[in-house]
file structure.pdb (PDB, C-alpha atoms)
ATOM      1  CA  MET A   1      30.121  81.881   7.307
ATOM      2  CA  ASN A   2      32.540  80.078   9.594
ATOM      3  CA  ASP A   3      31.165  80.085  13.162
ATOM      4  CA  ASN A   4      34.518  81.026  14.690
ATOM      5  CA  ARG A   5      34.872  83.903  12.233
ATOM      6  CA  SER A   6      31.388  85.090  13.116
ATOM      7  CA  VAL A   7      32.257  85.174  16.810
ATOM      8  CA  GLN A   8      35.480  87.076  16.119
ATOM      9  CA  ARG A   9      33.633  89.622  14.011
ATOM     10  CA  CYS A  10      30.890  90.018  16.592
ATOM     11  CA  LEU A  11      33.455  90.669  19.329
ATOM     12  CA  ALA A  12      35.217  93.189  17.095
ATOM     13  CA  VAL A  13      31.947  95.074  16.663
ATOM     14  CA  LEU A  14      31.382  95.123  20.426
ATOM     15  CA  ARG A  15      34.914  96.392  21.018
ATOM     16  CA  ALA A  16      34.313  99.171  18.505
ATOM     17  CA  PHE A  17      31.909 100.769  20.985
ATOM     18  CA  ARG A  18      34.894 101.688  23.159
ATOM     19  CA  ALA A  19      34.849 104.922  21.157
ATOM     20  CA  GLY A  20      31.545 105.766  22.834
ATOM     21  CA  PRO A  21      27.786 105.443  22.294
ATOM     22  CA  GLY A  22      25.889 106.578  19.237
ATOM     23  CA  GLN A  23      28.022 104.904  16.575
ATOM     24  CA  SER A  24      26.844 104.951  12.980
ATOM     25  CA  LEU A  25      26.909 101.875  10.779
ATOM     26  CA  THR A  26      29.508 103.555   8.565
ATOM     27  CA  THR A  27      31.796 104.319  11.508
ATOM     28  CA  LEU A  28      31.489 100.814  12.898
ATOM     29  CA  SER A  29      32.189  99.277   9.493
ATOM     30  CA  GLN A  30      35.291 101.420   9.095
ATOM     31  CA  THR A  31      36.485 100.631  12.615
ATOM     32  CA  VAL A  32      36.241  96.867  12.217
ATOM     33  CA  ASP A  33      37.109  96.924   8.493
ATOM     34  CA  LEU A  34      34.067  94.891   7.430
ATOM     35  CA  PRO A  35      31.352  95.487   4.827
ATOM     36  CA  HIS A  36      28.237  97.382   5.880
ATOM     37  CA  ALA A  37      26.050  94.338   5.246
ATOM     38  CA  THR A  38      28.150  92.113   7.514
ATOM     39  CA  VAL A  39      28.192  94.637  10.359
ATOM     40  CA  LEU A  40      24.461  95.275   9.997
ATOM     41  CA  ARG A  41      23.749  91.552  10.215
ATOM     42  CA  LEU A  42      25.813  91.293  13.407
ATOM     43  CA  LEU A  43      24.158  94.372  14.904
ATOM     44  CA  ASN A  44      20.702  93.024  14.179
ATOM     45  CA  THR A  45      21.629  89.763  15.902
ATOM     46  CA  LEU A  46      22.998  91.623  18.927
ATOM     47  CA  GLN A  47      19.879  93.792  19.002
ATOM     48  CA  GLY A  48      17.696  90.706  18.984
ATOM     49  CA  GLU A  49      19.607  89.397  22.004
ATOM     50  CA  GLY A  50      19.260  92.749  23.774
ATOM     51  CA  TYR A  51      22.920  93.775  23.757
ATOM     52  CA  VAL A  52      22.683  96.786  21.426
ATOM     53  CA  ARG A  53      19.958  99.274  20.579
ATOM     54  CA  LYS A  54      19.332 101.531  17.616
ATOM     55  CA  GLU A  55      18.158 105.127  17.934
ATOM     56  CA  GLY A  56      17.589 106.635  14.517
ATOM     57  CA  THR A  57      20.728 105.780  12.574
ATOM     58  CA  ARG A  58      22.942 105.384  15.664
ATOM     59  CA  TRP A  59      23.809 102.241  17.593
ATOM     60  CA  SER A  60      24.749 101.903  21.266
ATOM     61  CA  LEU A  61      25.403  99.127  23.770
ATOM     62  CA  THR A  62      22.716  98.336  26.344
ATOM     63  CA  PRO A  63      23.105  97.664  30.087
ATOM     64  CA  GLN A  64      22.354  93.987  29.408
ATOM     65  CA  LEU A  65      26.029  93.567  28.553
ATOM     66  CA  LEU A  66      26.719  94.200  32.239
ATOM     67  CA  GLU A  67      25.440  90.677  32.900
ATOM     68  CA  ILE A  68      28.457  89.347  31.040
ATOM     69  CA  GLY A  69      30.751  91.848  32.713
ATOM     70  CA  PHE A  70      29.592  90.941  36.206
ATOM     71  CA  ALA A  71      29.897  87.253  35.389
ATOM     72  CA  ALA A  72      33.474  87.871  34.241
ATOM     73  CA  LEU A  73      34.259  89.714  37.486
ATOM     74  CA  ALA A  74      32.812  86.861  39.511
ATOM     75  CA  ASN A  75      35.156  84.499  37.698
ATOM     76  CA  THR A  76      38.277  86.519  38.593
ATOM     77  CA  GLY A  77      38.186  85.164  42.145
ATOM     78  CA  VAL A  78      38.185  88.636  43.709
ATOM     79  CA  ASP A  79      35.711  88.639  46.603
ATOM     80  CA  ASP A  80      34.887  91.018  49.464
ATOM     81  CA  LEU A  81      37.738  89.680  51.618
ATOM     82  CA  ILE A  82      40.298  90.423  48.909
ATOM     83  CA  GLN A  83      38.751  93.819  48.214
ATOM     84  CA  GLY A  84      38.953  94.623  51.922
ATOM     85  CA  SER A  85      42.602  93.584  52.023
ATOM     86  CA  LEU A  86      43.379  95.824  49.038
ATOM     87  CA  GLN A  87      41.562  98.707  50.692
ATOM     88  CA  ALA A  88      43.575  98.301  53.883
ATOM     89  CA  LEU A  89      46.824  98.470  51.912
ATOM     90  CA  ALA A  90      45.641 101.523  49.961
ATOM     91  CA  ASP A  91      44.693 103.298  53.199
ATOM     92  CA  ARG A  92      47.975 102.390  54.883
ATOM     93  CA  CYS A  93      50.063 103.756  51.999
ATOM     94  CA  ASP A  94      47.660 106.580  51.107
ATOM     95  CA  GLY A  95      47.614 105.439  47.498
ATOM     96  CA  THR A  96      45.833 103.224  44.986
ATOM     97  CA  VAL A  97      46.176  99.441  44.681
ATOM     98  CA  ASN A  98      45.336  97.438  41.557
ATOM     99  CA  ILE A  99      45.287  93.779  40.600
ATOM    100  CA  GLY A 100      45.910  93.279  36.899
ATOM    101  CA  GLU A 101      45.338  90.207  34.754
ATOM    102  CA  GLN A 102      47.107  89.541  31.483
ATOM    103  CA  ALA A 103      44.905  89.828  28.413
ATOM    104  CA  LYS A 104      45.737  89.346  24.751
ATOM    105  CA  ASP A 105      47.698  92.559  24.182
ATOM    106  CA  ASN A 106      47.523  94.349  27.526
ATOM    107  CA  VAL A 107      46.694  93.981  31.205
ATOM    108  CA  ILE A 108      43.164  94.424  32.565
ATOM    109  CA  ILE A 109      42.439  95.871  36.014
ATOM    110  CA  ILE A 110      40.268  93.295  37.807
ATOM    111  CA  ALA A 111      40.320  94.882  41.287
ATOM    112  CA  ARG A 112      41.062  98.393  42.520
ATOM    113  CA  ALA A 113      41.087 100.256  45.835
ATOM    114  CA  SER A 114      41.992 103.868  46.615
ATOM    115  CA  SER A 115      42.578 105.734  49.861
ATOM    116  CA  ALA A 116      40.212 108.525  50.875
ATOM    117  CA  THR A 117      42.866 111.112  49.993
ATOM    118  CA  GLU A 118      43.200 109.745  46.474
ATOM    119  CA  ARG A 119      39.437 109.739  46.001
ATOM    120  CA  ARG A 120      39.223 113.397  47.049
ATOM    121  CA  LYS A 121      41.822 114.594  44.548
ATOM    122  CA  ILE A 122      40.626 117.010  41.895
ATOM    123  CA  LEU A 123      42.803 115.310  39.278
ATOM    124  CA  VAL A 124      40.936 112.180  38.249
ATOM    125  CA  VAL A 125      42.667 109.399  36.341
ATOM    126  CA  ASN A 126      40.166 107.594  34.170
ATOM    127  CA  LEU A 127      41.033 104.120  35.456
ATOM    128  CA  ARG A 128      38.612 101.640  36.964
ATOM    129  CA  VAL A 129      37.930  97.928  37.097
ATOM    130  CA  GLY A 130      37.855  96.796  33.479
ATOM    131  CA  SER A 131      40.317  99.413  32.248
ATOM    132  CA  SER A 132      43.241  98.158  30.187
ATOM    133  CA  LEU A 133      46.866  99.218  30.549
ATOM    134  CA  PRO A 134      49.757  98.689  28.117
ATOM    135  CA  PRO A 135      52.568  96.171  28.635
ATOM    136  CA  SER A 136      54.868  99.092  29.489
ATOM    137  CA  SER A 137      52.852  99.966  32.603
ATOM    138  CA  ALA A 138      54.027  98.787  36.013
ATOM    139  CA  LEU A 139      51.198  96.233  36.129
ATOM    140  CA  GLY A 140      52.080  94.995  32.655
ATOM    141  CA  SER A 141      55.835  94.885  33.234
ATOM    142  CA  ALA A 142      55.385  92.955  36.478
ATOM    143  CA  LEU A 143      53.557  90.040  34.868
ATOM    144  CA  GLY A 144      55.675  86.905  35.110
ATOM    145  CA  LEU A 145      58.540  88.535  37.003
ATOM    146  CA  PRO A 146      60.436  86.447  39.573
ATOM    147  CA  ALA A 147      59.019  86.884  43.065
ATOM    148  CA  ALA A 148      61.948  88.992  44.278
ATOM    149  CA  GLN A 149      61.839  91.487  41.399
ATOM    150  CA  TRP A 150      59.577  94.450  40.772
ATOM    151  CA  SER A 151      58.690  96.941  38.058
ATOM    152  CA  ILE A 152      58.302 100.694  38.350
ATOM    153  CA  ALA A 153      56.662 103.413  36.264
ATOM    154  CA  ARG A 154      56.923 107.137  36.995
ATOM    155  CA  TYR A 155      54.431 109.820  35.995
ATOM    156  CA  PRO A 156      56.120 113.184  36.701
ATOM    157  CA  ASP A 157      53.172 115.208  35.405
ATOM    158  CA  ARG A 158      51.019 113.770  38.198
ATOM    159  CA  ARG A 159      53.892 113.313  40.679
ATOM    160  CA  VAL A 160      52.920 109.641  40.974
ATOM    161  CA  THR A 161      54.992 106.459  40.953
ATOM    162  CA  THR A 162      53.544 102.982  40.430
ATOM    163  CA  VAL A 163      55.324  99.860  41.648
ATOM    164  CA  GLY A 164      54.345  96.413  40.392
ATOM    165  CA  ILE A 165      55.120  92.839  41.434
ATOM    166  CA  ALA A 166      54.021  89.492  40.024
ATOM    167  CA  LEU A 167      51.067  88.043  41.895
ATOM    168  CA  PHE A 168      50.484  84.699  40.227
ATOM    169  CA  SER A 169      51.568  82.941  37.062
ATOM    170  CA  SER A 170      50.492  79.672  35.437
ATOM    171  CA  ALA A 171      50.111  78.250  31.952
ATOM    172  CA  THR A 172      46.674  79.845  31.630
ATOM    173  CA  ARG A 173      46.714  82.910  33.844
ATOM    174  CA  ALA A 174      49.035  85.708  34.957
ATOM    175  CA  LEU A 175      48.237  88.309  37.632
ATOM    176  CA  SER A 176      50.151  91.288  38.964
ATOM    177  CA  LEU A 177      49.794  93.647  41.916
ATOM    178  CA  GLY A 178      50.400  97.377  41.570
ATOM    179  CA  LEU A 179      50.625 100.216  44.079
ATOM    180  CA  SER A 180      50.520 103.883  43.041
ATOM    181  CA  ILE A 181      51.796 106.443  45.551
ATOM    182  CA  ASN A 182      52.636 110.149  45.660
ATOM    183  CA  ASP A 183      56.233 111.097  44.917
ATOM    184  CA  GLU A 184      56.186 113.597  47.787
ATOM    185  CA  ASP A 185      55.564 110.786  50.261
ATOM    186  CA  TYR A 186      57.891 108.054  48.975
ATOM    187  CA  ASP A 187      61.385 108.304  47.546
ATOM    188  CA  ALA A 188      63.190 105.333  45.999
ATOM    189  CA  ALA A 189      64.727 104.231  49.302
ATOM    190  CA  ARG A 190      61.403 104.283  51.120
ATOM    191  CA  ILE A 191      59.691 102.399  48.294
ATOM    192  CA  GLU A 192      62.208  99.577  48.577
ATOM    193  CA  ALA A 193      62.394  99.551  52.356
ATOM    194  CA  GLU A 194      58.704  99.972  53.203
ATOM    195  CA  LEU A 195      56.374  99.487  50.262
ATOM    196  CA  LEU A 196      57.811  96.363  48.693
ATOM    197  CA  PRO A 197      57.628  94.327  51.945
ATOM    198  CA  LEU A 198      53.993  95.447  52.349
ATOM    199  CA  MET A 199      53.197  94.478  48.765
ATOM    200  CA  ARG A 200      54.816  91.058  49.154
ATOM    201  CA  ALA A 201      52.839  90.454  52.333
ATOM    202  CA  GLU A 202      49.695  91.500  50.466
ATOM    203  CA  ARG A 203      50.582  89.068  47.689
ATOM    204  CA  ASP A 204      50.790  86.217  50.190
ATOM    205  CA  GLN A 205      47.439  87.228  51.651
ATOM    206  CA  ILE A 206      45.746  87.391  48.233
ATOM    207  CA  LEU A 207      47.169  84.021  47.182
ATOM    208  CA  ARG A 208      45.702  82.457  50.330
ATOM    209  CA  LEU A 209      42.338  84.095  49.809
ATOM    210  CA  MET A 210      42.204  83.134  46.128
ATOM    211  CA  HIS A 211      43.455  79.603  46.870
ATOM    212  CA  LEU A 212      46.223  79.974  44.310
ATOM    213  CA  GLY A 213      49.668  78.442  44.312
ATOM    214  CA  SER A 214      52.897  80.335  44.779
ATOM    215  CA  VAL A 215      54.147  82.831  42.210
TER     216      VAL A 215
END
call {"tool": "encode", "arguments": {"input": "structure.pdb", "output": "structure tokens"}}
result
Amino acid sequence: MNDNRSVQRCLAVLRAFRAGPGQSLTTLSQTVDLPHATVLRLLNTLQGEGYVRKEGTRWSLTPQLLEIGFAALANTGVDDLIQGSLQALADRCDGTVNIGEQAKDNVIIIARASSATERRKILVVNLRVGSSLPPSSALGSALGLPAAQWSIARYPDRRVTTVGIALFSSATRALSLGLSINDEDYDAARIEAELLPLMRAERDQILRLMHLGSV
């Protein structure tokens, strides 16, 4: 078997666990569209390395995969100073701030901070560091935009608006900055007059802290 193909298939199997723990061999094979024997061989290899476990006829990921996840987070360049800066902006605007990084088909949240008010809300949005958002999201739409432009996404059911701006763009990496706020607190005029200047100042701060060039 071609080594590159093996890696691709192994990653596909790992991604299949997004559906949750306790996956059967049949379900995994159907999800990744590979023969049972191929998937079983990959699972046995992953089990030998400690990344999956088998309980009866069901397979699940193990916490050992967190080693890779934490290593990936360390390589994003987001440290405590940047996290503190994001938190200050979230508290000032009483909202949630995200940094997104372009992935193959979406944008991945690599840093996130929410104000105390947002954290106390009963309505919980299932987003966290590592979550992916579609290209149509404010974070996705902002990737690669000119520095003076911004993207916006509205969620009337939650009475939330998210504004996004490009953070950094190069041949190998693209980052965006997003701010989600309550519609009751910010109309369109206030977003443009108050939030966008704060977000652009935050962008400058993050670029300095991450030692990146200009957008």
call {"tool": "closest_residue", "arguments": {"input": "structure.pdb", "among": "A:Arg200, A:Arg9, A:Arg15, A:Arg158", "to": "Pro35 of chain A", "atoms": "only C-alpha atoms"}}
result
A:Arg9
call {"tool": "resolve_selection", "arguments": {"input": "structure.pdb", "expression": "the PyMOL selection byres ((chain A and resi 201-214) around 7)", "output": "list of chain:residue names"}}
result
A:Gly77, A:Ile82, A:Leu167, A:Phe168, A:Pro197, A:Leu198, A:Met199, A:Arg200, A:Val215
call {"tool": "residues_around", "arguments": {"input": "structure.pdb", "residues": "segment 39-55 of chain A", "least_positions_apart": "6", "cutoff": "9 Å", "atoms": "only C-alpha atoms", "output": "JSON list (two decimals) with C-alpha atoms, in the frame of the given file"}}
result
[["chain", "number", "residue", "atom", "x", "y", "z"],
["A", 6, "SER", "CA", 31.39, 85.09, 13.12],
["A", 9, "ARG", "CA", 33.63, 89.62, 14.01],
["A", 10, "CYS", "CA", 30.89, 90.02, 16.59],
["A", 13, "VAL", "CA", 31.95, 95.07, 16.66],
["A", 14, "LEU", "CA", 31.38, 95.12, 20.43],
["A", 22, "GLY", "CA", 25.89, 106.58, 19.24],
["A", 25, "LEU", "CA", 26.91, 101.88, 10.78],
["A", 28, "LEU", "CA", 31.49, 100.81, 12.90],
["A", 29, "SER", "CA", 32.19, 99.28, 9.49],
["A", 32, "VAL", "CA", 36.24, 96.87, 12.22],
["A", 61, "LEU", "CA", 25.40, 99.13, 23.77],
["A", 62, "THR", "CA", 22.72, 98.34, 26.34],
["A", 63, "PRO", "CA", 23.10, 97.66, 30.09],
["A", 64, "GLN", "CA", 22.35, 93.99, 29.41],
["A", 65, "LEU", "CA", 26.03, 93.57, 28.55]]
call {"tool": "atom_distance", "arguments": {"input": "structure.pdb", "atom1": "atom CA of Asp183 of chain A", "atom2": "atom CA of Val78 of chain A"}}
result
28.8 Å
call {"tool": "closest_residue", "arguments": {"input": "structure.pdb", "among": "A:Val160, A:Arg5, A:Ala166, A:Glu67", "to": "Thr96 of chain A", "atoms": "only C-alpha atoms"}}
result
A:Val160
call {"tool": "atom_distance", "arguments": {"input": "structure.pdb", "atom1": "atom CA of Gly20 of chain A", "atom2": "atom CA of Asn126 of chain A"}}
result
14.4 Å
call {"tool": "residues_near_point", "arguments": {"input": "structure.pdb", "point": "(52.4, 87.5, 37.0)", "cutoff": "8 Å", "atoms": "only C-alpha atoms", "output": "list in words"}}
result
Glu101, Gln102, Ala142, Leu143, Gly144, Leu145, Ile165, Ala166, Leu167, Phe168, Ser169, Arg173, Ala174, Leu175, Ser176 and Val215 of chain A
call {"tool": "write_last_selection", "arguments": {"input": "structure.pdb", "atoms": "C-alpha atoms", "output": "PDB file, keeping the file's coordinate frame"}}
result
ATOM      1  CA  GLU A 101      45.338  90.207  34.754  1.00  0.00           C
ATOM      2  CA  GLN A 102      47.107  89.541  31.483  1.00  0.00           C
ATOM      3  CA  ALA A 142      55.385  92.955  36.478  1.00  0.00           C
ATOM      4  CA  LEU A 143      53.557  90.040  34.868  1.00  0.00           C
ATOM      5  CA  GLY A 144      55.675  86.905  35.110  1.00  0.00           C
ATOM      6  CA  LEU A 145      58.540  88.535  37.003  1.00  0.00           C
ATOM      7  CA  ILE A 165      55.120  92.839  41.434  1.00  0.00           C
ATOM      8  CA  ALA A 166      54.021  89.492  40.024  1.00  0.00           C
ATOM      9  CA  LEU A 167      51.067  88.043  41.895  1.00  0.00           C
ATOM     10  CA  PHE A 168      50.484  84.699  40.227  1.00  0.00           C
ATOM     11  CA  SER A 169      51.568  82.941  37.062  1.00  0.00           C
ATOM     12  CA  ARG A 173      46.714  82.910  33.844  1.00  0.00           C
ATOM     13  CA  ALA A 174      49.035  85.708  34.957  1.00  0.00           C
ATOM     14  CA  LEU A 175      48.237  88.309  37.632  1.00  0.00           C
ATOM     15  CA  SER A 176      50.151  91.288  38.964  1.00  0.00           C
ATOM     16  CA  VAL A 215      54.147  82.831  42.210  1.00  0.00           C
TER      17      VAL A 215
END
call {"tool": "resolve_selection", "arguments": {"input": "structure.pdb", "expression": "the PyMOL selection byres ((chain A and resi 99) around 7)", "output": "VMD selection string"}}
result
chain A and resid 98 100 to 101 109 to 112 175 to 178
call {"tool": "atom_distance", "arguments": {"input": "structure.pdb", "atom1": "atom CA of Ala16 of chain A", "atom2": "atom CA of Ala72 of chain A"}}
result
19.4 Å
call {"tool": "resolve_selection", "arguments": {"input": "structure.pdb", "expression": "the PyMOL selection byres ((chain A and resi 103-106) around 8)", "output": "ChimeraX atom specification"}}
result
/A:101-102,107-108,132-135,140
call {"tool": "closest_residue", "arguments": {"input": "structure.pdb", "among": "A:Ser170, A:Asp80, A:Ser137, A:Ser180", "to": "Ser114 of chain A", "atoms": "all atoms listed in the file"}}
result
A:Ser180
call {"tool": "build_atoms", "arguments": {"input": "structure.pdb", "residues": "segment 1-30 of chain A", "atoms": "N, CA and C atoms", "output": "PDB file, in the frame of the given file"}}
result
ATOM      1  N   MET A   1      29.017  81.218   6.594  1.00  0.00           N
ATOM      2  CA  MET A   1      30.121  81.881   7.307  1.00  0.00           C
ATOM      3  C   MET A   1      30.638  80.974   8.418  1.00  0.00           C
ATOM      4  N   ASN A   2      31.936  80.886   8.541  1.00  0.00           N
ATOM      5  CA  ASN A   2      32.540  80.078   9.594  1.00  0.00           C
ATOM      6  C   ASN A   2      32.112  80.592  10.963  1.00  0.00           C
ATOM      7  N   ASP A   3      31.667  79.665  11.848  1.00  0.00           N
ATOM      8  CA  ASP A   3      31.165  80.085  13.162  1.00  0.00           C
ATOM      9  C   ASP A   3      32.220  80.840  13.949  1.00  0.00           C
ATOM     10  N   ASN A   4      33.467  80.351  13.944  1.00  0.00           N
ATOM     11  CA  ASN A   4      34.518  81.026  14.690  1.00  0.00           C
ATOM     12  C   ASN A   4      34.744  82.430  14.154  1.00  0.00           C
ATOM     13  N   ARG A   5      34.699  82.587  12.840  1.00  0.00           N
ATOM     14  CA  ARG A   5      34.872  83.903  12.233  1.00  0.00           C
ATOM     15  C   ARG A   5      33.734  84.823  12.635  1.00  0.00           C
ATOM     16  N   SER A   6      32.539  84.283  12.718  1.00  0.00           N
ATOM     17  CA  SER A   6      31.388  85.090  13.116  1.00  0.00           C
ATOM     18  C   SER A   6      31.560  85.616  14.535  1.00  0.00           C
ATOM     19  N   VAL A   7      32.029  84.748  15.425  1.00  0.00           N
ATOM     20  CA  VAL A   7      32.257  85.174  16.810  1.00  0.00           C
ATOM     21  C   VAL A   7      33.318  86.261  16.863  1.00  0.00           C
ATOM     22  N   GLN A   8      34.410  86.083  16.140  1.00  0.00           N
ATOM     23  CA  GLN A   8      35.480  87.076  16.119  1.00  0.00           C
ATOM     24  C   GLN A   8      34.969  88.420  15.619  1.00  0.00           C
ATOM     25  N   ARG A   9      34.165  88.381  14.567  1.00  0.00           N
ATOM     26  CA  ARG A   9      33.633  89.622  14.011  1.00  0.00           C
ATOM     27  C   ARG A   9      32.650  90.279  14.967  1.00  0.00           C
ATOM     28  N   CYS A  10      31.844  89.481  15.624  1.00  0.00           N
ATOM     29  CA  CYS A  10      30.890  90.018  16.592  1.00  0.00           C
ATOM     30  C   CYS A  10      31.616  90.699  17.752  1.00  0.00           C
ATOM     31  N   LEU A  11      32.669  90.072  18.244  1.00  0.00           N
ATOM     32  CA  LEU A  11      33.455  90.669  19.329  1.00  0.00           C
ATOM     33  C   LEU A  11      34.130  91.950  18.868  1.00  0.00           C
ATOM     34  N   ALA A  12      34.590  91.973  17.631  1.00  0.00           N
ATOM     35  CA  ALA A  12      35.217  93.189  17.095  1.00  0.00           C
ATOM     36  C   ALA A  12      34.217  94.337  17.067  1.00  0.00           C
ATOM     37  N   VAL A  13      32.978  94.041  16.678  1.00  0.00           N
ATOM     38  CA  VAL A  13      31.947  95.074  16.663  1.00  0.00           C
ATOM     39  C   VAL A  13      31.686  95.592  18.078  1.00  0.00           C
ATOM     40  N   LEU A  14      31.598  94.692  19.037  1.00  0.00           N
ATOM     41  CA  LEU A  14      31.382  95.123  20.426  1.00  0.00           C
ATOM     42  C   LEU A  14      32.530  95.989  20.917  1.00  0.00           C
ATOM     43  N   ARG A  15      33.754  95.597  20.591  1.00  0.00           N
ATOM     44  CA  ARG A  15      34.914  96.392  21.018  1.00  0.00           C
ATOM     45  C   ARG A  15      34.924  97.769  20.366  1.00  0.00           C
ATOM     46  N   ALA A  16      34.331  97.890  19.200  1.00  0.00           N
ATOM     47  CA  ALA A  16      34.313  99.171  18.505  1.00  0.00           C
ATOM     48  C   ALA A  16      33.550 100.236  19.281  1.00  0.00           C
ATOM     49  N   PHE A  17      32.668  99.808  20.196  1.00  0.00           N
ATOM     50  CA  PHE A  17      31.909 100.769  20.985  1.00  0.00           C
ATOM     51  C   PHE A  17      32.746 101.399  22.097  1.00  0.00           C
ATOM     52  N   ARG A  18      34.022 101.002  22.206  1.00  0.00           N
ATOM     53  CA  ARG A  18      34.894 101.688  23.159  1.00  0.00           C
ATOM     54  C   ARG A  18      34.993 103.169  22.830  1.00  0.00           C
ATOM     55  N   ALA A  19      34.776 103.512  21.569  1.00  0.00           N
ATOM     56  CA  ALA A  19      34.849 104.922  21.157  1.00  0.00           C
ATOM     57  C   ALA A  19      33.686 105.740  21.712  1.00  0.00           C
ATOM     58  N   GLY A  20      32.662 105.055  22.241  1.00  0.00           N
ATOM     59  CA  GLY A  20      31.545 105.766  22.834  1.00  0.00           C
ATOM     60  C   GLY A  20      30.222 105.357  22.214  1.00  0.00           C
ATOM     61  N   PRO A  21      29.115 105.813  22.804  1.00  0.00           N
ATOM     62  CA  PRO A  21      27.786 105.443  22.294  1.00  0.00           C
ATOM     63  C   PRO A  21      27.451 106.234  21.029  1.00  0.00           C
ATOM     64  N   GLY A  22      26.365 105.847  20.402  1.00  0.00           N
ATOM     65  CA  GLY A  22      25.889 106.578  19.237  1.00  0.00           C
ATOM     66  C   GLY A  22      26.762 106.411  18.017  1.00  0.00           C
ATOM     67  N   GLN A  23      27.176 105.176  17.729  1.00  0.00           N
ATOM     68  CA  GLN A  23      28.022 104.904  16.575  1.00  0.00           C
ATOM     69  C   GLN A  23      27.158 104.650  15.338  1.00  0.00           C
ATOM     70  N   SER A  24      27.563 105.206  14.226  1.00  0.00           N
ATOM     71  CA  SER A  24      26.844 104.951  12.980  1.00  0.00           C
ATOM     72  C   SER A  24      27.324 103.652  12.361  1.00  0.00           C
ATOM     73  N   LEU A  25      26.522 103.099  11.472  1.00  0.00           N
ATOM     74  CA  LEU A  25      26.909 101.875  10.779  1.00  0.00           C
ATOM     75  C   LEU A  25      28.190 102.096   9.982  1.00  0.00           C
ATOM     76  N   THR A  26      28.304 103.252   9.355  1.00  0.00           N
ATOM     77  CA  THR A  26      29.508 103.555   8.565  1.00  0.00           C
ATOM     78  C   THR A  26      30.744 103.582   9.443  1.00  0.00           C
ATOM     79  N   THR A  27      30.646 104.233  10.599  1.00  0.00           N
ATOM     80  CA  THR A  27      31.796 104.319  11.508  1.00  0.00           C
ATOM     81  C   THR A  27      32.188 102.944  12.023  1.00  0.00           C
ATOM     82  N   LEU A  28      31.200 102.159  12.403  1.00  0.00           N
ATOM     83  CA  LEU A  28      31.489 100.814  12.898  1.00  0.00           C
ATOM     84  C   LEU A  28      32.128  99.963  11.809  1.00  0.00           C
ATOM     85  N   SER A  29      31.630 100.056  10.597  1.00  0.00           N
ATOM     86  CA  SER A  29      32.189  99.277   9.493  1.00  0.00           C
ATOM     87  C   SER A  29      33.640  99.669   9.231  1.00  0.00           C
ATOM     88  N   GLN A  30      33.920 100.960   9.301  1.00  0.00           N
ATOM     89  CA  GLN A  30      35.291 101.420   9.095  1.00  0.00           C
ATOM     90  C   GLN A  30      36.196 100.971  10.237  1.00  0.00           C
TER      91      GLN A  30
END
